[in-house]
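Here is query.csv, consisting of CSV, C-alpha atoms and all ligand atoms:
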```csv
chain,number,residue,atom,x,y,z
A,8,MET,CA,0.0,0.0,0.0
A,9,LEU,CA,3.1,2.3,0.2
A,10,PRO,CA,4.3,4.8,-0.6
A,11,LEU,CA,1.9,7.3,0.9
A,12,GLU,CA,2.1,10.6,-0.9
A,13,LEU,CA,1.1,13.8,0.8
A,14,SER,CA,0.8,16.7,-1.6
A,15,GLY,CA,0.0,20.2,-0.3
A,16,ALA,CA,-1.9,18.5,2.6
A,17,THR,CA,-3.4,21.3,4.7
A,18,VAL,CA,-5.7,21.3,7.7
A,19,ARG,CA,-7.4,24.4,8.9
A,20,ARG,CA,-9.4,24.7,12.0
A,21,LYS,CA,-11.5,27.7,12.9
A,22,GLY,CA,-9.7,29.7,10.3
A,23,LYS,CA,-6.3,28.8,11.5
A,24,THR,CA,-3.9,26.6,9.6
A,25,VAL,CA,-2.8,23.9,12.0
A,26,LEU,CA,-1.0,21.7,9.4
A,27,GLY,CA,0.6,22.3,6.1
A,28,PRO,CA,1.0,22.6,3.4
A,29,VAL,CA,2.9,19.3,3.7
A,30,ASP,CA,4.5,17.5,0.8
A,31,LEU,CA,5.9,14.2,1.9
A,32,THR,CA,6.5,10.7,0.7
A,33,LEU,CA,6.3,7.9,3.2
A,34,ALA,CA,8.6,5.2,1.8
A,35,GLN,CA,8.0,1.5,1.8
A,36,GLN,CA,10.4,0.6,4.6
A,37,GLY,CA,11.4,1.9,7.9
A,38,LEU,CA,10.4,3.3,11.3
A,39,THR,CA,9.6,7.0,11.0
A,40,ILE,CA,9.7,9.1,14.1
A,41,VAL,CA,7.9,12.4,14.2
A,42,ILE,CA,9.2,15.0,16.6
A,43,GLY,CA,8.6,18.7,17.3
A,44,PRO,CA,7.4,21.1,20.0
A,45,ASN,CA,3.9,20.9,21.5
A,46,GLY,CA,1.3,22.0,19.1
A,47,SER,CA,3.6,21.7,16.0
A,48,GLY,CA,1.1,19.4,14.3
A,49,LYS,CA,2.5,15.9,15.0
A,50,THR,CA,-0.8,14.4,15.9
A,51,THR,CA,-2.6,16.1,13.1
A,52,LEU,CA,0.0,14.8,10.6
A,53,LEU,CA,-0.5,11.2,11.9
A,54,ARG,CA,-4.3,11.6,11.6
A,55,VAL,CA,-4.0,12.9,8.1
A,56,MET,CA,-1.8,10.0,7.1
A,57,HIS,CA,-4.2,7.6,8.8
A,58,GLY,CA,-7.1,9.2,6.9
A,59,VAL,CA,-9.2,10.4,9.8
A,60,GLU,CA,-8.5,14.1,9.5
A,61,ARG,CA,-10.4,16.1,6.9
A,62,LEU,CA,-8.1,18.0,4.6
A,63,SER,CA,-8.8,21.6,3.8
A,64,ALA,CA,-6.6,21.4,0.7
A,65,GLY,CA,-4.2,18.9,-0.9
A,66,SER,CA,-4.2,15.2,-0.8
A,67,ALA,CA,-3.0,12.0,0.9
A,68,GLU,CA,-2.9,9.0,-1.4
A,69,TRP,CA,-1.8,5.4,-0.8
A,70,SER,CA,-0.9,3.2,-3.7
A,71,VAL,CA,-4.2,1.2,-3.1
A,72,PRO,CA,-7.8,2.4,-2.8
A,73,HIS,CA,-8.7,4.2,0.5
A,74,SER,CA,-11.0,1.5,1.8
A,75,GLU,CA,-8.2,-1.1,1.4
A,76,ALA,CA,-5.6,1.2,3.0
A,77,ARG,CA,-7.9,1.7,6.0
A,78,ARG,CA,-8.3,-2.0,6.6
A,79,ARG,CA,-4.5,-2.5,6.5
A,80,GLN,CA,-3.5,0.1,9.1
A,81,SER,CA,-3.9,0.6,12.9
A,82,TYR,CA,-3.5,3.6,15.2
A,83,VAL,CA,-2.5,3.6,18.8
A,84,PHE,CA,-3.4,6.6,20.9
A,85,GLN,CA,-1.5,8.3,23.6
A,86,SER,CA,-4.2,7.4,26.2
A,87,PRO,CA,-4.8,3.8,25.5
A,88,ILE,CA,-8.3,2.8,24.7
A,89,VAL,CA,-9.3,-0.5,26.2
A,90,LEU,CA,-12.7,-2.2,26.4
A,91,ARG,CA,-14.2,-2.6,29.9
A,92,ARG,CA,-13.8,-6.4,29.5
A,93,SER,CA,-11.1,-9.0,30.2
A,94,VAL,CA,-7.6,-8.9,28.8
A,95,LEU,CA,-8.6,-12.0,26.7
A,96,ASP,CA,-11.7,-10.4,25.3
A,97,ASN,CA,-9.8,-7.2,24.5
A,98,LEU,CA,-7.4,-9.2,22.4
A,99,CYS,CA,-10.1,-11.4,20.8
A,100,TYR,CA,-12.2,-8.5,19.7
A,101,PRO,CA,-10.2,-7.3,16.7
A,102,LEU,CA,-9.9,-10.9,15.5
A,103,LYS,CA,-13.7,-11.3,15.8
A,104,LEU,CA,-14.1,-8.2,13.6
A,105,MET,CA,-11.8,-9.9,11.1
A,106,LYS,CA,-14.1,-13.0,11.3
A,107,VAL,CA,-11.4,-15.3,12.6
A,108,ALA,CA,-12.8,-18.6,14.0
A,109,ARG,CA,-13.4,-18.6,17.8
A,110,ARG,CA,-10.9,-21.3,18.6
A,111,ASP,CA,-8.1,-19.5,16.5
A,112,ARG,CA,-9.0,-16.2,18.1
A,113,VAL,CA,-8.5,-17.5,21.6
A,114,ALA,CA,-5.2,-19.3,20.8
A,115,THR,CA,-3.8,-16.1,19.1
A,116,ALA,CA,-5.1,-13.9,21.9
A,117,ARG,CA,-3.4,-16.1,24.5
A,118,ASP,CA,-0.2,-16.1,22.6
A,119,TRP,CA,-0.2,-12.2,22.5
A,120,ALA,CA,-1.2,-12.0,26.2
A,121,ALA,CA,1.9,-14.0,27.0
A,122,ARG,CA,4.1,-11.9,24.8
A,123,ILE,CA,3.1,-8.7,26.6
A,124,GLY,CA,3.5,-10.3,30.0
A,125,LEU,CA,-0.2,-10.7,30.7
A,126,GLY,CA,-0.4,-14.4,30.3
A,127,ASP,CA,-1.6,-14.8,33.9
A,128,ALA,CA,-4.1,-12.0,33.7
A,129,LEU,CA,-6.4,-13.2,30.9
A,130,ALA,CA,-9.5,-12.8,33.0
A,131,THR,CA,-8.5,-9.4,34.6
A,132,PRO,CA,-10.7,-6.5,33.5
A,133,ALA,CA,-8.5,-4.3,31.3
A,134,THR,CA,-9.6,-1.2,33.2
A,135,ARG,CA,-7.8,-2.6,36.3
A,136,LEU,CA,-4.4,-2.8,34.6
A,137,SER,CA,-1.6,-0.3,35.2
A,138,GLY,CA,-0.9,2.4,32.7
A,139,GLY,CA,2.0,0.5,31.2
A,140,GLU,CA,0.1,-2.8,31.0
A,141,ARG,CA,-2.8,-1.0,29.4
A,142,GLN,CA,-0.6,0.6,26.8
A,143,LYS,CA,1.0,-2.8,26.0
A,144,LEU,CA,-2.5,-4.3,25.6
A,145,ALA,CA,-3.6,-1.4,23.3
A,146,LEU,CA,-0.4,-2.1,21.2
A,147,ALA,CA,-1.1,-5.8,21.1
A,148,ARG,CA,-4.7,-5.2,20.0
A,149,ALA,CA,-3.3,-3.2,17.1
A,150,LEU,CA,-0.6,-5.7,16.2
A,151,ILE,CA,-2.8,-8.7,16.5
A,152,ARG,CA,-4.4,-7.6,13.2
A,153,LYS,CA,-1.0,-7.7,11.5
A,154,PRO,CA,-1.3,-4.3,10.1
A,155,ASP,CA,0.9,-3.2,7.2
A,156,VAL,CA,1.2,0.2,8.7
A,157,LEU,CA,1.0,1.2,12.4
A,158,PHE,CA,0.7,4.7,13.6
A,159,LEU,CA,1.5,5.5,17.3
A,160,ASP,CA,1.0,8.9,19.0
A,161,GLU,CA,3.4,9.0,22.0
A,162,PRO,CA,2.7,5.5,23.2
A,163,CYS,CA,5.2,5.8,26.0
A,164,ALA,CA,4.2,9.1,27.5
A,165,ASN,CA,4.0,8.7,31.3
A,166,LEU,CA,5.5,5.2,31.2
A,167,ASP,CA,8.5,4.2,33.2
A,168,GLY,CA,11.7,2.8,31.8
A,169,ARG,CA,10.7,-0.8,31.9
A,170,ALA,CA,7.3,-0.4,30.3
A,171,THR,CA,9.0,1.8,27.6
A,172,ARG,CA,11.6,-0.9,26.9
A,173,ASP,CA,8.8,-3.5,26.6
A,174,ILE,CA,6.9,-1.4,24.2
A,175,GLU,CA,10.0,-0.6,22.1
A,176,ALA,CA,10.8,-4.4,22.0
A,177,LEU,CA,7.3,-5.0,20.6
A,178,LEU,CA,7.7,-2.3,18.0
A,179,LEU,CA,11.1,-3.6,16.9
A,180,GLY,CA,9.5,-7.1,16.6
A,181,ALA,CA,6.7,-5.7,14.5
A,182,ARG,CA,9.1,-3.9,12.4
A,183,ALA,CA,11.2,-7.0,11.8
A,184,ALA,CA,8.0,-8.8,10.8
A,185,GLY,CA,7.4,-6.2,8.1
A,186,THR,CA,5.1,-3.6,9.7
A,187,ARG,CA,5.8,0.0,8.6
A,188,ILE,CA,5.7,2.2,11.7
A,189,VAL,CA,5.2,5.9,12.1
A,190,MET,CA,5.4,7.3,15.6
A,191,ALA,CA,5.3,10.6,17.3
A,192,THR,CA,7.4,11.0,20.5
A,193,HIS,CA,8.8,13.6,22.8
A,194,ASP,CA,11.5,11.3,23.9
A,195,MET,CA,14.7,12.0,22.0
A,196,GLY,CA,16.4,9.0,23.4
A,197,GLN,CA,13.6,6.9,22.0
A,198,ALA,CA,13.8,8.6,18.7
A,199,ARG,CA,17.5,7.8,18.5
A,200,ARG,CA,16.9,4.2,19.5
A,201,LEU,CA,14.2,3.5,17.1
A,202,ALA,CA,14.2,5.8,14.1
A,203,THR,CA,15.3,4.9,10.6
A,204,ASP,CA,14.1,8.3,9.5
A,205,LEU,CA,12.9,11.5,11.2
A,206,ILE,CA,10.3,14.1,10.5
A,207,PHE,CA,10.8,17.4,12.5
A,208,MET,CA,7.7,19.5,12.7
A,209,VAL,CA,7.5,23.2,13.6
A,210,SER,CA,4.4,25.4,13.4
A,211,GLY,CA,2.4,22.8,11.3
A,212,ARG,CA,5.1,22.4,8.7
A,213,VAL,CA,7.8,19.7,8.0
A,214,HIS,CA,10.8,21.7,9.0
A,215,GLU,CA,13.4,19.1,8.3
A,216,THR,CA,13.4,15.4,7.4
A,217,GLY,CA,16.1,12.8,6.8
A,218,HIS,CA,17.6,9.5,7.5
A,219,ALA,CA,18.6,8.6,11.0
A,220,GLY,CA,22.2,8.0,10.1
A,221,HIS,CA,22.6,11.6,9.0
A,222,ILE,CA,20.0,13.8,10.6
A,223,PHE,CA,20.9,13.0,14.2
A,224,THR,CA,24.5,14.0,13.6
A,225,HIS,CA,24.1,16.7,10.9
A,226,PRO,CA,20.9,18.7,11.5
A,227,GLU,CA,20.7,21.3,8.8
A,228,THR,CA,18.5,23.9,10.5
A,229,PRO,CA,19.2,25.9,13.7
A,230,GLU,CA,15.8,24.9,15.0
A,231,LEU,CA,16.5,21.2,14.9
A,232,THR,CA,19.9,21.8,16.5
A,233,ALA,CA,18.2,23.7,19.2
A,234,PHE,CA,15.6,21.0,19.7
A,235,TYR,CA,18.3,18.4,20.1
A,236,ASN,CA,19.9,20.6,22.7
A,237,GLY,CA,16.7,20.8,24.6
A,238,ASP,CA,16.3,24.5,23.9
A,239,ILE,CA,12.8,25.9,23.5
A,240,VAL,CA,11.7,26.0,19.8
A,241,GLU,CA,8.6,27.9,18.8
B,1,LIG,N1,-9.9,20.3,17.8
B,1,LIG,C1,-9.1,21.3,17.6
B,1,LIG,N2,-9.6,22.6,17.3
B,1,LIG,C2,-8.8,23.6,17.1
B,1,LIG,N3,-7.5,23.5,17.1
B,1,LIG,C3,-6.9,22.3,17.4
B,1,LIG,C4,-7.7,21.2,17.6
B,1,LIG,N4,-6.9,20.1,17.9
B,1,LIG,C5,-5.6,20.6,17.8
B,1,LIG,N5,-5.6,21.9,17.5
B,1,LIG,C6,-4.5,22.8,17.2
B,1,LIG,O1,-3.7,22.3,16.1
B,1,LIG,C7,-2.4,22.5,16.3
B,1,LIG,C8,-1.6,21.2,16.2
B,1,LIG,O2,-2.0,20.3,17.2
B,1,LIG,P1,-1.4,18.8,17.3
B,1,LIG,O3,-2.2,18.1,18.4
B,1,LIG,O4,-1.4,18.2,15.9
B,1,LIG,O5,0.1,19.1,17.7
B,1,LIG,P2,1.2,18.1,18.4
B,1,LIG,O6,2.5,18.5,17.8
B,1,LIG,O7,0.7,16.7,18.3
B,1,LIG,O8,1.1,18.6,19.9
B,1,LIG,P3,1.5,17.9,21.3
B,1,LIG,O9,3.0,17.7,21.3
B,1,LIG,O10,1.1,18.9,22.3
B,1,LIG,O11,0.7,16.6,21.4
B,1,LIG,C9,-2.2,23.1,17.7
B,1,LIG,O12,-2.0,24.5,17.6
B,1,LIG,C10,-3.5,22.8,18.4
B,1,LIG,O13,-3.9,23.8,19.3
```
Target encoding structure tokens, full file:
Amino acid sequence: MLPLELSGATVRRKGKTVLGPVDLTLAQQGLTIVIGPNGSGKTTLLRVMHGVERLSAGSAEWSVPHSEARRRQSYVFQSPIVLRRSVLDNLCYPLKLMKVARRDRVATARDWAARIGLGDALATPATRLSGGERQKLALARALIRKPDVLFLDEPCANLDGRATRDIEALLLGARAAGTRIVMATHDMGQARRLATDLIFMVSGRVHETGHAGHIFTHPETPELTAFYNGDIVE
């Protein structure tokens, strides 16, 4: 379904341009990290790519029809959304929507529960899990569908080191299995650990973009240099 081509993609809200115009090609391979100050448009960019944000101008086109593209991608929010049901039911639900047979659903769900360290908590209501456990469950619910493309909006915000490490391991596993990942983060350490390429947003525009091997060591704009240094960028 890749590449995804954004051409002049623009989002206006209440007369204010919050994104764009953005021209961008999301290539076939890799793990793209989106960074930038608060309000720079990271979430809006992800939502545009995912196809849930109405464009005021421009376009966002996959190499397959929109309906097919939608089916083959998942989105994980910063505040994980879990059903008020058991861990097992949470994991079975996406498979049910995909019409997977019940026995296979349960086997796959058990396998994923074990992978995220919740193998002994199958019957626990998801609402009773810790923040880190809940985020892992939300990620497993996205990955269980084997999406071709996975969007994540700050999935490790407010998580401790261990939960963050677990989530990063799941993401690297998904990437190795062929899932194309696009993720917004505020954590520069995480960006350096995971990114194959970087998109740096400022004021709703793509300010700088490039491959990890180069952009972390040779930022071209003073704003990205300042951002790396932890200075305030507006
Ligand atoms: N529903 C809305 N109505 C009006 N403006 C909005 C709305 N949602 C977001 N915005 C504005 O759009 C701009 C981009 O917001 P966005 O959430 O995409 O930024 P972000 O980089 O993800 O920010 P953060 O790092 O704080 O999550 C901001 O100026 C924000 O105030």
**Study point:** 8 Å contact set for A:Gly211, all atoms listed in the file, chain neighbours under 4 positions out, as a ChimeraX atom specification
**Key:** /A:24-27,46-49
**Study point:** Straight-line distance linking atom CA of A:Gly138 with atom CA of A:Glu161, stated in Å to one decimal
**Key:**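 These atoms are spaced 13.3 Å apart.
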Within 9 Å of A:Ile88, counting only C-alpha atoms, which residues qualify if same-chain residues fewer than 5 places away don't, as an mmCIF file with C-alpha atoms, in the frame of the given file?
```cif
data_model
loop_
_atom_site.group_PDB
_atom_site.id
_atom_site.type_symbol
_atom_site.label_atom_id
_atom_site.label_comp_id
_atom_site.auth_asym_id
_atom_site.auth_seq_id
_atom_site.Cartn_x
_atom_site.Cartn_y
_atom_site.Cartn_z
ATOM 1 C CA VAL A 83 -2.500 3.600 18.800
ATOM 2 C CA ARG A 141 -2.800 -1.000 29.400
ATOM 3 C CA GLN A 142 -0.600 0.600 26.800
ATOM 4 C CA ALA A 145 -3.600 -1.400 23.300
#
```
Point to revise | 12 Å contact set for A:His214, all atoms listed in the file, chain neighbours under 6 positions out, as a PyMOL selection string | key: chain A and resi 26-31+41-44+47-49+205-208+226-232+234+240-241
Taking the point (3.0, 9.6, 8.9) as given in the file, collect each protein or nucleic acid residue that comes within 6 Å of it, counting all atoms listed in the file, and present the set as a compact mmCIF listing (two decimals) with C-alpha atoms, in the frame of the given file.
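As a result, selection32.txt now contains:
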```txt
# COMPACT_ATOMS: atom_id res chain seq x y z
CA LEU A 53 -0.50 11.20 11.90
CA MET A 56 -1.80 10.00 7.10
CA VAL A 189 5.20 5.90 12.10
```
